[in-house]
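run_22.csv (CSV, C-alpha atoms) appears below.
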chain,number,residue,atom,x,y,z
A,256,MET,CA,0.0,0.0,0.0
A,257,ALA,CA,1.3,3.4,-0.9
A,258,MET,CA,2.4,5.8,1.8
A,259,ARG,CA,0.3,8.8,2.8
A,260,PRO,CA,2.3,11.9,2.0
A,261,GLU,CA,1.1,13.5,5.2
A,262,ASP,CA,2.5,10.6,7.2
A,263,VAL,CA,5.9,11.1,5.5
A,264,LEU,CA,5.8,14.8,6.2
A,265,ARG,CA,5.0,14.3,9.9
A,266,ALA,CA,7.9,11.9,10.3
A,267,ILE,CA,10.2,14.4,8.7
A,268,ALA,CA,8.9,17.3,10.8
A,269,ALA,CA,9.6,15.3,14.0
A,270,ALA,CA,13.1,14.3,13.0
A,271,ARG,CA,14.5,17.2,10.9
A,272,GLY,CA,16.1,19.3,13.6
A,273,ASP,CA,17.2,22.5,11.9
A,274,ALA,CA,17.2,21.1,8.3
A,275,ILE,CA,15.9,23.4,5.7
A,276,CYS,CA,12.9,22.0,3.8
A,277,ILE,CA,11.8,22.8,0.2
A,278,PRO,CA,8.3,21.4,-0.5
A,279,THR,CA,6.7,21.9,-3.9
A,280,MET,CA,3.2,21.5,-5.3
A,281,THR,CA,1.1,18.9,-3.5
A,282,THR,CA,3.3,18.6,-0.4
A,283,ALA,CA,3.2,22.4,0.1
A,284,PRO,CA,-0.2,22.8,1.8
A,285,ALA,CA,0.3,19.9,4.2
A,286,TRP,CA,3.8,21.0,5.1
A,287,ARG,CA,2.6,24.5,6.0
A,288,GLU,CA,0.2,22.9,8.5
A,289,ILE,CA,2.6,20.3,9.8
A,290,ALA,CA,5.7,22.5,10.1
A,291,PRO,CA,4.6,26.1,10.1
A,292,ASP,CA,8.1,27.5,10.7
A,293,ASP,CA,10.5,29.8,8.9
A,294,LEU,CA,13.0,27.2,7.8
A,295,SER,CA,11.1,26.2,4.7
A,296,ILE,CA,10.3,27.6,1.3
A,297,THR,CA,7.3,26.3,-0.6
A,298,CYS,CA,7.8,26.3,-4.3
A,299,THR,CA,4.8,26.9,-6.5
A,300,GLY,CA,4.5,28.9,-9.7
A,301,PHE,CA,7.7,27.7,-11.2
A,302,MET,CA,7.1,23.9,-11.2
A,303,GLY,CA,10.3,21.9,-11.4
A,304,GLY,CA,12.4,24.5,-9.6
A,305,ALA,CA,12.5,23.1,-6.0
A,306,SER,CA,15.5,20.8,-6.5
A,307,THR,CA,17.7,23.6,-7.9
A,308,LEU,CA,16.6,26.1,-5.3
A,309,GLY,CA,17.5,23.5,-2.7
A,310,LEU,CA,20.8,22.9,-4.4
A,311,GLY,CA,21.7,26.6,-4.2
A,312,ILE,CA,20.9,26.7,-0.5
A,313,ALA,CA,22.8,23.5,0.1
A,314,LEU,CA,25.9,24.9,-1.6
A,315,ALA,CA,25.7,28.2,0.2
A,316,ARG,CA,25.2,26.6,3.6
A,317,PRO,CA,27.1,23.3,3.7
A,318,ASP,CA,26.7,23.3,7.5
A,319,ARG,CA,22.9,22.7,7.2
A,320,ARG,CA,21.0,19.8,5.8
A,321,VAL,CA,18.6,20.7,3.0
A,322,ILE,CA,15.7,18.4,2.1
A,323,VAL,CA,13.8,18.8,-1.2
A,324,PHE,CA,10.3,17.4,-1.4
A,325,ASP,CA,10.0,17.0,-5.1
A,326,GLY,CA,7.2,15.5,-7.2
A,327,ASP,CA,7.5,13.1,-10.1
A,328,GLY,CA,5.7,15.5,-12.5
A,329,SER,CA,7.8,18.4,-11.2
A,330,LEU,CA,11.1,16.5,-11.6
A,331,LEU,CA,10.3,15.6,-15.2
A,332,MET,CA,10.1,19.4,-15.9
A,333,GLN,CA,13.7,19.8,-15.0
A,334,LEU,CA,15.1,16.3,-15.3
A,335,GLY,CA,18.6,17.6,-16.1
A,336,SER,CA,18.8,18.9,-12.6
A,337,LEU,CA,19.7,15.3,-11.5
A,338,ALA,CA,23.0,15.7,-13.4
A,339,THR,CA,23.5,19.2,-12.2
A,340,ILE,CA,22.9,18.2,-8.5
A,341,ALA,CA,25.1,15.2,-8.8
A,342,GLY,CA,27.9,17.2,-10.5
A,343,ALA,CA,27.8,19.9,-7.8
A,344,ARG,CA,28.4,17.2,-5.2
A,345,ALA,CA,26.3,18.8,-2.5
A,346,ARG,CA,27.0,16.5,0.4
A,347,ASN,CA,24.2,18.0,2.5
A,348,LEU,CA,21.3,17.6,0.0
A,349,VAL,CA,18.6,15.1,0.4
A,350,HIS,CA,16.3,14.8,-2.7
A,351,LEU,CA,13.0,13.2,-1.8
A,352,LEU,CA,10.7,12.3,-4.7
A,353,PHE,CA,7.0,11.9,-3.8
A,354,LYS,CA,6.0,9.6,-6.6
A,355,ASN,CA,2.3,9.3,-7.2
A,356,GLY,CA,2.4,8.8,-11.0
A,357,VAL,CA,0.1,11.8,-11.8
A,358,TYR,CA,-0.1,15.6,-12.0
A,359,HIS,CA,-2.3,15.8,-9.0
A,360,THR,CA,-2.7,19.5,-8.9
A,361,SER,CA,-4.1,19.8,-12.4
A,362,GLY,CA,-6.5,17.0,-12.2
A,363,ALA,CA,-4.5,13.8,-11.7
A,364,GLN,CA,-3.5,13.2,-15.3
A,365,GLU,CA,-0.9,10.5,-15.7
A,366,ILE,CA,2.7,11.7,-16.0
A,367,PRO,CA,4.5,10.7,-19.2
A,368,GLY,CA,5.5,7.1,-18.7
A,369,GLY,CA,3.2,6.8,-15.7
A,370,PHE,CA,4.4,4.9,-12.6
A,371,ALA,CA,6.8,2.9,-14.7
A,372,VAL,CA,9.3,5.7,-14.9
A,373,ASP,CA,12.4,4.6,-12.9
A,374,PHE,CA,13.7,7.8,-11.3
A,375,VAL,CA,16.0,5.8,-9.0
A,376,GLN,CA,18.0,4.5,-12.0
A,377,MET,CA,18.1,8.0,-13.4
A,378,ALA,CA,19.5,9.4,-10.2
A,379,LYS,CA,22.0,6.6,-10.0
A,380,GLY,CA,23.0,7.2,-13.6
A,381,ALA,CA,23.4,10.9,-13.0
A,382,GLY,CA,25.8,10.3,-10.2
A,383,TYR,CA,23.9,10.7,-6.9
A,384,ARG,CA,25.8,9.1,-4.0
A,385,GLU,CA,22.8,6.9,-3.2
A,386,ALA,CA,19.4,6.4,-4.7
A,387,SER,CA,16.7,4.0,-3.5
A,388,THR,CA,13.0,3.5,-3.2
A,389,ILE,CA,10.8,3.3,-0.1
A,390,LYS,CA,7.2,2.0,-0.2
A,391,ASP,CA,6.5,1.6,3.5
A,392,ILE,CA,6.1,4.3,6.2
A,393,GLY,CA,7.8,2.0,8.8
A,394,GLU,CA,10.8,1.6,6.6
A,395,PHE,CA,10.8,5.4,5.9
A,396,ARG,CA,10.8,6.1,9.7
A,397,ARG,CA,13.7,3.6,10.2
A,398,ARG,CA,15.8,5.1,7.5
A,399,LEU,CA,15.1,8.8,8.1
A,400,PRO,CA,17.8,9.3,10.7
A,401,SER,CA,20.5,8.2,8.3
A,402,MET,CA,19.1,10.4,5.5
A,403,LEU,CA,19.6,13.3,7.8
A,404,THR,CA,23.3,12.6,8.4
A,405,ALA,CA,24.6,10.5,5.5
A,406,GLU,CA,26.8,12.1,2.9
A,407,GLY,CA,24.8,13.2,-0.2
A,408,PRO,CA,23.5,14.0,-2.6
A,409,LEU,CA,20.9,11.3,-1.7
A,410,PHE,CA,17.9,10.5,-3.7
A,411,VAL,CA,14.9,8.6,-2.2
A,412,GLU,CA,11.9,7.8,-4.3
A,413,LEU,CA,8.8,7.6,-2.0
A,414,ILE,CA,5.9,5.6,-3.3
A,415,THR,CA,2.9,7.6,-2.1
A,416,GLY,CA,-0.8,8.0,-2.7
A,417,LEU,CA,-2.4,11.4,-3.4
A,418,SER,CA,-2.2,14.2,-0.8
A,419,GLU,CA,-5.3,15.4,0.9
A,420,GLN,CA,-4.8,19.0,-0.5
A,421,THR,CA,-3.2,20.6,-3.5
A,422,PRO,CA,-2.2,24.2,-4.1
A,423,MET,CA,-5.4,24.6,-6.0
A,424,THR,CA,-7.7,23.4,-3.2
A,425,VAL,CA,-6.1,25.9,-0.8
A,426,ARG,CA,-5.4,28.6,-3.3
A,427,GLY,CA,-3.9,31.8,-1.8
A,428,ALA,CA,-3.2,30.3,1.6
A,429,GLY,CA,0.2,30.6,3.3
A,430,THR,CA,2.9,33.2,3.3
A,431,PRO,CA,3.8,34.7,-0.1
A,432,PHE,CA,6.9,33.2,-1.7
A,433,HIS,CA,8.9,36.4,-1.5
A,434,GLN,CA,8.3,36.7,2.2
A,435,GLN,CA,9.4,33.1,2.8
A,436,VAL,CA,12.6,33.9,0.8
A,437,GLU,CA,13.3,37.0,2.8
A,438,THR,CA,12.6,35.3,6.1
A,439,LEU,CA,14.8,32.3,5.4
A,440,ARG,CA,17.6,34.5,4.1
A,441,THR,CA,17.4,36.6,7.3
A,442,ARG,CA,17.3,33.6,9.5
A,443,LEU,CA,20.3,32.0,7.8
A,444,ALA,CA,22.3,35.2,8.0
A,445,ALA,CA,21.7,35.4,11.7
A,446,SER,CA,23.1,31.9,12.1
A,447,ALA,CA,26.1,32.3,9.8
B,155,MET,CA,31.3,50.4,-33.3
B,156,PRO,CA,31.2,47.7,-30.6
B,157,GLU,CA,34.5,46.0,-29.5
B,158,SER,CA,35.3,42.7,-28.1
B,159,ILE,CA,36.1,42.6,-24.4
B,160,PRO,CA,39.1,40.6,-23.2
B,161,ALA,CA,38.1,37.7,-21.0
B,162,SER,CA,40.8,38.7,-18.4
B,163,LEU,CA,39.1,42.1,-17.9
B,164,ILE,CA,35.7,40.4,-17.1
B,165,VAL,CA,37.3,37.9,-14.8
B,166,ASP,CA,39.2,40.6,-12.9
B,167,THR,CA,36.0,42.7,-12.7
B,168,LEU,CA,34.1,39.7,-11.3
B,169,LYS,CA,36.9,39.0,-8.7
B,170,ASP,CA,36.8,42.6,-7.6
B,171,LEU,CA,33.0,42.6,-7.4
B,172,PHE,CA,32.9,39.4,-5.3
B,173,ALA,CA,35.7,40.6,-3.0
B,174,LYS,CA,33.8,43.8,-2.3
B,175,GLU,CA,30.6,41.8,-1.8
B,176,ARG,CA,32.4,39.7,0.8
B,177,GLY,CA,33.4,42.9,2.6
B,178,GLY,CA,37.0,41.8,3.0
B,179,ALA,CA,36.0,38.5,4.6
B,180,ARG,CA,38.1,35.5,3.4
B,181,ARG,CA,35.6,32.9,2.1
B,182,GLU,CA,35.9,30.0,-0.3
B,183,PRO,CA,34.8,30.2,-2.9
B,184,LEU,CA,35.2,33.9,-3.5
B,185,GLY,CA,32.0,33.9,-5.5
B,186,TRP,CA,29.9,31.8,-8.0
B,187,VAL,CA,29.4,31.9,-11.7
B,188,LEU,CA,26.5,29.8,-12.9
B,189,SER,CA,26.8,29.0,-16.5
B,190,VAL,CA,24.9,27.3,-19.3
B,191,PRO,CA,27.8,27.5,-21.6
B,192,ASP,CA,27.6,30.4,-24.1
B,193,THR,CA,29.6,30.5,-27.2
B,194,HIS,CA,29.8,34.3,-27.0
B,195,GLN,CA,31.4,34.2,-23.6
B,196,LYS,CA,33.5,31.0,-24.0
B,197,THR,CA,36.8,32.8,-23.5
B,198,VAL,CA,35.6,34.0,-20.1
B,199,LEU,CA,34.6,30.5,-19.1
B,200,ALA,CA,38.0,29.2,-20.4
B,201,ALA,CA,39.8,31.9,-18.4
B,202,LEU,CA,37.9,31.0,-15.2
B,203,ASP,CA,38.8,27.3,-15.8
B,204,LYS,CA,42.5,28.2,-16.0
B,205,GLU,CA,42.6,30.3,-12.9
B,206,PRO,CA,45.4,28.9,-10.7
B,207,ASP,CA,43.5,29.3,-7.5
B,208,LYS,CA,40.0,28.4,-8.8
B,209,GLN,CA,39.3,26.2,-5.8
B,210,ARG,CA,39.5,29.3,-3.6
B,211,GLY,CA,38.5,31.9,-6.2
B,212,ILE,CA,35.4,31.9,-8.5
B,213,ARG,CA,33.6,28.6,-8.6
B,214,VAL,CA,32.0,27.9,-11.9
B,215,LEU,CA,29.0,25.6,-11.8
B,216,THR,CA,27.7,24.4,-15.2
B,217,CYS,CA,24.0,23.9,-15.3
B,218,ALA,CA,21.9,21.9,-17.7
B,219,THR,CA,19.4,24.6,-18.3
B,220,GLU,CA,18.9,28.3,-17.5
B,221,ASP,CA,15.9,27.4,-15.4
B,222,GLU,CA,18.2,25.4,-13.1
B,223,ALA,CA,20.8,28.3,-13.0
B,224,THR,CA,18.1,30.7,-11.9
B,225,GLY,CA,16.9,28.4,-9.1
B,226,ILE,CA,20.5,27.7,-7.9
B,227,ALA,CA,21.3,31.4,-8.0
B,228,ALA,CA,18.3,32.1,-5.8
B,229,GLY,CA,19.3,29.5,-3.3
B,230,LEU,CA,22.9,30.8,-3.2
B,231,TRP,CA,21.6,34.3,-2.6
B,232,ILE,CA,19.3,33.1,0.2
B,233,GLY,CA,22.3,31.5,1.7
B,234,GLY,CA,24.3,34.8,1.5
B,235,GLU,CA,26.6,33.9,-1.5
B,236,PRO,CA,27.5,36.3,-4.3
B,237,VAL,CA,26.6,34.9,-7.7
B,238,VAL,CA,26.5,35.9,-11.4
B,239,MET,CA,24.8,34.0,-14.2
B,240,MET,CA,26.4,33.7,-17.7
B,241,ILE,CA,23.9,32.5,-20.3
B,242,GLN,CA,22.9,33.0,-23.9
B,243,HIS,CA,19.9,34.9,-25.3
B,244,ALA,CA,18.3,31.6,-26.3
B,245,GLY,CA,18.5,30.6,-22.7
B,246,LEU,CA,16.8,33.7,-21.6
B,247,TYR,CA,13.9,32.9,-23.8
B,248,ALA,CA,13.9,29.3,-22.5
B,249,SER,CA,13.7,30.3,-18.8
B,250,VAL,CA,11.3,33.2,-18.8
B,251,ASN,CA,8.8,31.5,-16.4
B,252,THR,CA,11.6,30.9,-13.9
B,253,LEU,CA,12.7,34.5,-14.2
B,254,ARG,CA,9.2,35.6,-13.5
B,255,GLY,CA,8.4,33.1,-10.8
B,256,ILE,CA,11.7,33.3,-8.8
B,257,ALA,CA,13.5,36.5,-9.7
B,258,MET,CA,10.5,38.7,-10.0
B,259,ASP,CA,7.7,37.2,-7.8
B,260,GLY,CA,10.3,36.0,-5.3
B,261,LYS,CA,12.1,39.4,-5.3
B,262,VAL,CA,15.4,37.6,-5.7
B,263,PRO,CA,18.3,39.6,-6.9
B,264,THR,CA,19.4,37.9,-10.1
B,265,PHE,CA,22.2,39.2,-12.3
B,266,TYR,CA,22.6,37.9,-15.9
B,267,LEU,CA,25.4,38.3,-18.4
B,268,ILE,CA,23.7,37.4,-21.6
B,269,GLY,CA,25.6,36.7,-24.8
B,270,LEU,CA,24.1,38.0,-28.0
B,271,LEU,CA,25.3,35.2,-30.2
B,272,SER,CA,25.2,36.1,-34.0
B,273,ARG,CA,24.8,39.8,-33.3
B,274,GLU,CA,26.1,41.7,-36.3
B,275,LYS,CA,28.9,44.1,-35.5
B,276,ASP,CA,27.6,46.9,-37.7
B,277,LYS,CA,23.9,46.7,-36.6
B,278,ASP,CA,22.0,47.7,-33.6
B,279,PRO,CA,20.8,44.5,-31.9
B,280,ARG,CA,17.1,45.6,-32.4
B,281,GLU,CA,17.7,45.7,-36.1
B,282,SER,CA,19.5,42.3,-36.4
B,283,ARG,CA,18.3,39.9,-39.0
B,284,HIS,CA,18.4,37.2,-36.3
B,285,SER,CA,15.3,37.0,-34.2
B,286,MET,CA,17.3,35.6,-31.2
B,287,VAL,CA,19.3,38.8,-31.2
B,288,ARG,CA,16.5,41.2,-32.1
B,289,PHE,CA,14.0,40.1,-29.4
B,290,ALA,CA,16.3,40.0,-26.4
B,291,GLU,CA,16.0,43.7,-25.4
B,292,PRO,CA,12.2,43.9,-26.1
B,293,LEU,CA,11.7,40.8,-24.0
B,294,LEU,CA,13.6,42.3,-21.1
B,295,ASP,CA,11.6,45.5,-21.5
B,296,THR,CA,8.4,43.6,-21.5
B,297,PHE,CA,9.2,42.1,-18.1
B,298,GLY,CA,10.6,45.4,-16.8
B,299,VAL,CA,14.1,44.0,-16.4
B,300,PRO,CA,16.7,46.8,-16.4
B,301,HIS,CA,19.4,46.1,-18.9
B,302,ALA,CA,22.4,47.6,-20.8
B,303,ARG,CA,24.8,46.6,-23.4
B,304,LEU,CA,28.5,45.7,-22.9
B,305,GLU,CA,29.8,47.1,-26.1
B,306,GLY,CA,33.5,47.2,-25.3
B,307,PRO,CA,36.2,47.3,-22.5
B,308,ASP,CA,35.0,50.8,-21.4
B,309,ASP,CA,31.6,49.3,-20.4
B,310,VAL,CA,32.8,46.7,-17.8
B,311,HIS,CA,32.0,49.2,-15.0
B,312,LEU,CA,28.4,48.2,-15.8
B,313,ILE,CA,29.0,44.8,-14.3
B,314,PRO,CA,29.2,45.9,-10.7
B,315,GLU,CA,26.6,48.6,-11.3
B,316,TYR,CA,24.0,46.2,-12.7
B,317,TYR,CA,24.9,43.5,-10.2
B,318,ARG,CA,24.2,46.0,-7.4
B,319,LEU,CA,21.1,47.3,-9.1
B,320,SER,CA,19.7,43.8,-9.0
B,321,ARG,CA,20.4,43.8,-5.2
B,322,GLU,CA,18.9,47.2,-4.7
B,323,ARG,CA,15.7,46.4,-6.7
B,324,ARG,CA,15.4,42.9,-5.4
B,325,GLY,CA,14.9,41.4,-8.8
B,326,PRO,CA,16.5,40.7,-12.1
B,327,ALA,CA,19.0,42.9,-14.0
B,328,ALA,CA,20.9,42.0,-17.2
B,329,LEU,CA,23.9,43.0,-19.3
B,330,LEU,CA,24.0,42.0,-22.9
B,331,VAL,CA,27.4,41.0,-24.2
B,332,GLY,CA,27.5,42.6,-27.6
B,333,LEU,CA,30.4,40.8,-29.2
B,334,GLU,CA,32.2,37.6,-28.6
B,335,THR,CA,34.7,38.1,-25.8
B,336,SER,CA,38.4,37.7,-26.7
Translate this file's structure into structure tokens.
Amino acid sequence: MAMRPEDVLRAIAAARGDAICIPTMTTAPAWREIAPDDLSITCTGFMGGASTLGLGIALARPDRRVIVFDGDGSLLMQLGSLATIAGARARNLVHLLFKNGVYHTSGAQEIPGGFAVDFVQMAKGAGYREASTIKDIGEFRRRLPSMLTAEGPLFVELITGLSEQTPMTVRGAGTPFHQQVETLRTRLAASA
Amino acid sequence: MPESIPASLIVDTLKDLFAKERGGARREPLGWVLSVPDTHQKTVLAALDKEPDKQRGIRVLTCATEDEATGIAAGLWIGGEPVVMMIQHAGLYASVNTLRGIAMDGKVPTFYLIGLLSREKDKDPRESRHSMVRFAEPLLDTFGVPHARLEGPDDVHLIPEYYRLSRERRGPAALLVGLETS
């Protein structure tokens, strides 16, 4: 049975410490409720950009763990970012892929290739230090501590069902993107 | 008439800019260049690659697309790092939604050096017979992105000026590299 995205997010929120989190699309509304802090930036409006935004932060702040909550449809929009991330050798970057096989936000149309697309092989081929799949929430909870400390870049494909909310069902909610950007920059500057 | 700018002049200008941005603090790298390799600026990229102290100096990160470069630039800025993007006009066209979504809506200072590949030396870019040259400035105008042309060695002072303009405005700013660097 596929994991519930909200269960995955709750487990991360409980274990992340001061890790910076970058949710995008369907993980964004739930993350705002589960972890309403100023150490996250939710990416909507430039689908596909979460992984590289996270890479930039990871390169700038190698002392902090950065966790990207990507989507399968989102990653397909900037698939080359796998090679860019691997090439940049960001040791503190964890790239989580919430794989549900569809573009949930726009009506759950199947992504090109559907569920058969093997993102783990792509990440391995690109040069990620580790890439694997997790289908069970228990296994995810067991492996999460090592994800928060192991040398990256790490790629973990999470087999999930659909989230309860999407950016369209809670349109306009949350702090505007530019305010999140400013808040995180200020917070990081204070801890430099 | 426009003139080619020596790569060493641009590299030295970037070093000086980054050093000032650091405020004298010794940090490694000194600053970042995010590049989707541009034929027009290839001598600058080659010069950066040959820098004897490149591990400590300017770190060049080659990106697969300009969308990626814009996202990485935003993340670096959020983390307090100085960064310049070197792309081609075609890449500007390819990454307009990211420019809008991150640099403009996100109010992220984003500074571009954009090569005008195929720009004719004896023509104003807006009169070029090549659409990729002709549309660059009108596109930037449409999005309200301040821009200027690097038409020769005397214009390199525009690099720190437009970089700082992007910081002051909290948004994108661009310089168009008129001729292939030498």
- Query: For chain A, which residues have at least one atom within 7 Å of chain B, if we go by only C-alpha atoms? Write them as JSON, numbers by chain, please.
  - Reply: {"A": [300, 301, 304, 307, 308, 309, 310, 311, 312, 314, 315, 316, 335, 336, 339, 432, 433, 436, 439, 440, 443, 444]}
- Message: Calculated over only C-alpha atoms, which of the candidates A:Asn347, A:Thr360, A:Ser306, A:Thr297 has the smallest distance to Glu419 (chain A)?
- Response: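 Ranked by minimum distance to Glu419 (chain A), first place goes to A:Thr360.
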- Query: For Gln333 (chain A), which residue out of A:Met258, A:Ala305, A:Ile267, A:Met280 is the nearest one, using only C-alpha atoms?
  - Reply: A:Ala305
- Query: Of the candidates B:Ile164, B:Leu246, B:Leu333, B:Ile313, which shows the shortest atom-to-atom distance to Leu199 (chain B), using all atoms listed in the file?
  - Reply: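 Using all atoms listed in the file, Leu199 (chain B) sits closest to B:Ile164.
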- Item | Spatial neighbours of region 365-379 of chain A, 7 Å, all atoms listed in the file, chain gap at least 6 places, as number ranges by chain | A: 328, 337, 356-358, 385-388, 410, 412
Pro300 (chain B) surroundings by all atoms listed in the file, 12 Å radius, close-in-sequence under 3 positions cut, as an mmCIF file with C-alpha atoms, in the coordinates of the input:
data_model
loop_
_atom_site.group_PDB
_atom_site.id
_atom_site.type_symbol
_atom_site.label_atom_id
_atom_site.label_comp_id
_atom_site.auth_asym_id
_atom_site.auth_seq_id
_atom_site.Cartn_x
_atom_site.Cartn_y
_atom_site.Cartn_z
ATOM 1 C CA THR B 264 19.400 37.900 -10.100
ATOM 2 C CA PHE B 265 22.200 39.200 -12.300
ATOM 3 C CA TYR B 266 22.600 37.900 -15.900
ATOM 4 C CA GLU B 291 16.000 43.700 -25.400
ATOM 5 C CA PRO B 292 12.200 43.900 -26.100
ATOM 6 C CA LEU B 293 11.700 40.800 -24.000
ATOM 7 C CA LEU B 294 13.600 42.300 -21.100
ATOM 8 C CA ASP B 295 11.600 45.500 -21.500
ATOM 9 C CA THR B 296 8.400 43.600 -21.500
ATOM 10 C CA PHE B 297 9.200 42.100 -18.100
ATOM 11 C CA ARG B 303 24.800 46.600 -23.400
ATOM 12 C CA LEU B 312 28.400 48.200 -15.800
ATOM 13 C CA GLU B 315 26.600 48.600 -11.300
ATOM 14 C CA TYR B 316 24.000 46.200 -12.700
ATOM 15 C CA TYR B 317 24.900 43.500 -10.200
ATOM 16 C CA ARG B 318 24.200 46.000 -7.400
ATOM 17 C CA LEU B 319 21.100 47.300 -9.100
ATOM 18 C CA SER B 320 19.700 43.800 -9.000
ATOM 19 C CA GLU B 322 18.900 47.200 -4.700
ATOM 20 C CA ARG B 323 15.700 46.400 -6.700
ATOM 21 C CA ARG B 324 15.400 42.900 -5.400
ATOM 22 C CA GLY B 325 14.900 41.400 -8.800
ATOM 23 C CA PRO B 326 16.500 40.700 -12.100
ATOM 24 C CA ALA B 327 19.000 42.900 -14.000
ATOM 25 C CA ALA B 328 20.900 42.000 -17.200
ATOM 26 C CA LEU B 329 23.900 43.000 -19.300
ATOM 27 C CA LEU B 330 24.000 42.000 -22.900
#
- Message: Using only C-alpha atoms, can you tell me which of A:Thr441, A:Asn355, A:Ser295, A:Gln434 comes closest to Val323 (chain A)?
- Response: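 The shortest atom-to-atom distance to Val323 (chain A) comes from A:Ser295.
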- Task: Just the residues within 12 Å of Glu274 (chain B), please, counting all atoms listed in the file, with nothing from its chain fewer than 6 positions along; format it as number ranges by chain.
- Result: B: 155-157, 280-288, 332-334
- Go through B:Val165, B:Val250, B:Val190, B:Val238 and flag the residue nearest Glu205 (chain B), using all atoms listed in the file for the distances.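 Of B:Val165, B:Val250, B:Val190, B:Val238, the one nearest Glu205 (chain B) is B:Val165, counting all atoms listed in the file.
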- Grab the CA of Leu331 (chain A) to CA of Met302 (chain A) distance for me, in Å with one decimal place.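 Atom-to-atom, CA of Leu331 (chain A) and CA of Met302 (chain A) are spaced 9.8 Å apart.
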- Item | Among listed residues A:Ala381, A:Ser446, A:Val349, A:Thr424, nearest Gly407 (chain A) (using only C-alpha atoms) |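 Checking each of A:Ala381, A:Ser446, A:Val349, A:Thr424 against Gly407 (chain A), counting only C-alpha atoms, the winner is A:Val349.
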- Item | Residue contacts of Asp207 (chain B) (12 Å, all atoms listed in the file) excluding same-chain residues fewer than 4 positions away, as a VMD selection string | chain B and resid 169 182 to 184 201 to 203 211 to 213
- Just the residues within 6 Å of Val321 (chain A), please, counting all atoms listed in the file, with nothing from its chain fewer than 6 positions along; format it as a ChimeraX atom specification. /A:274-276,313,348
- Task: State, in Å with one decimal place, the distance from CA of Tyr383 (chain A) to CA of Ala341 (chain A).
- Result: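 Going from CA of Tyr383 (chain A) over to CA of Ala341 (chain A) covers 5.0 Å.
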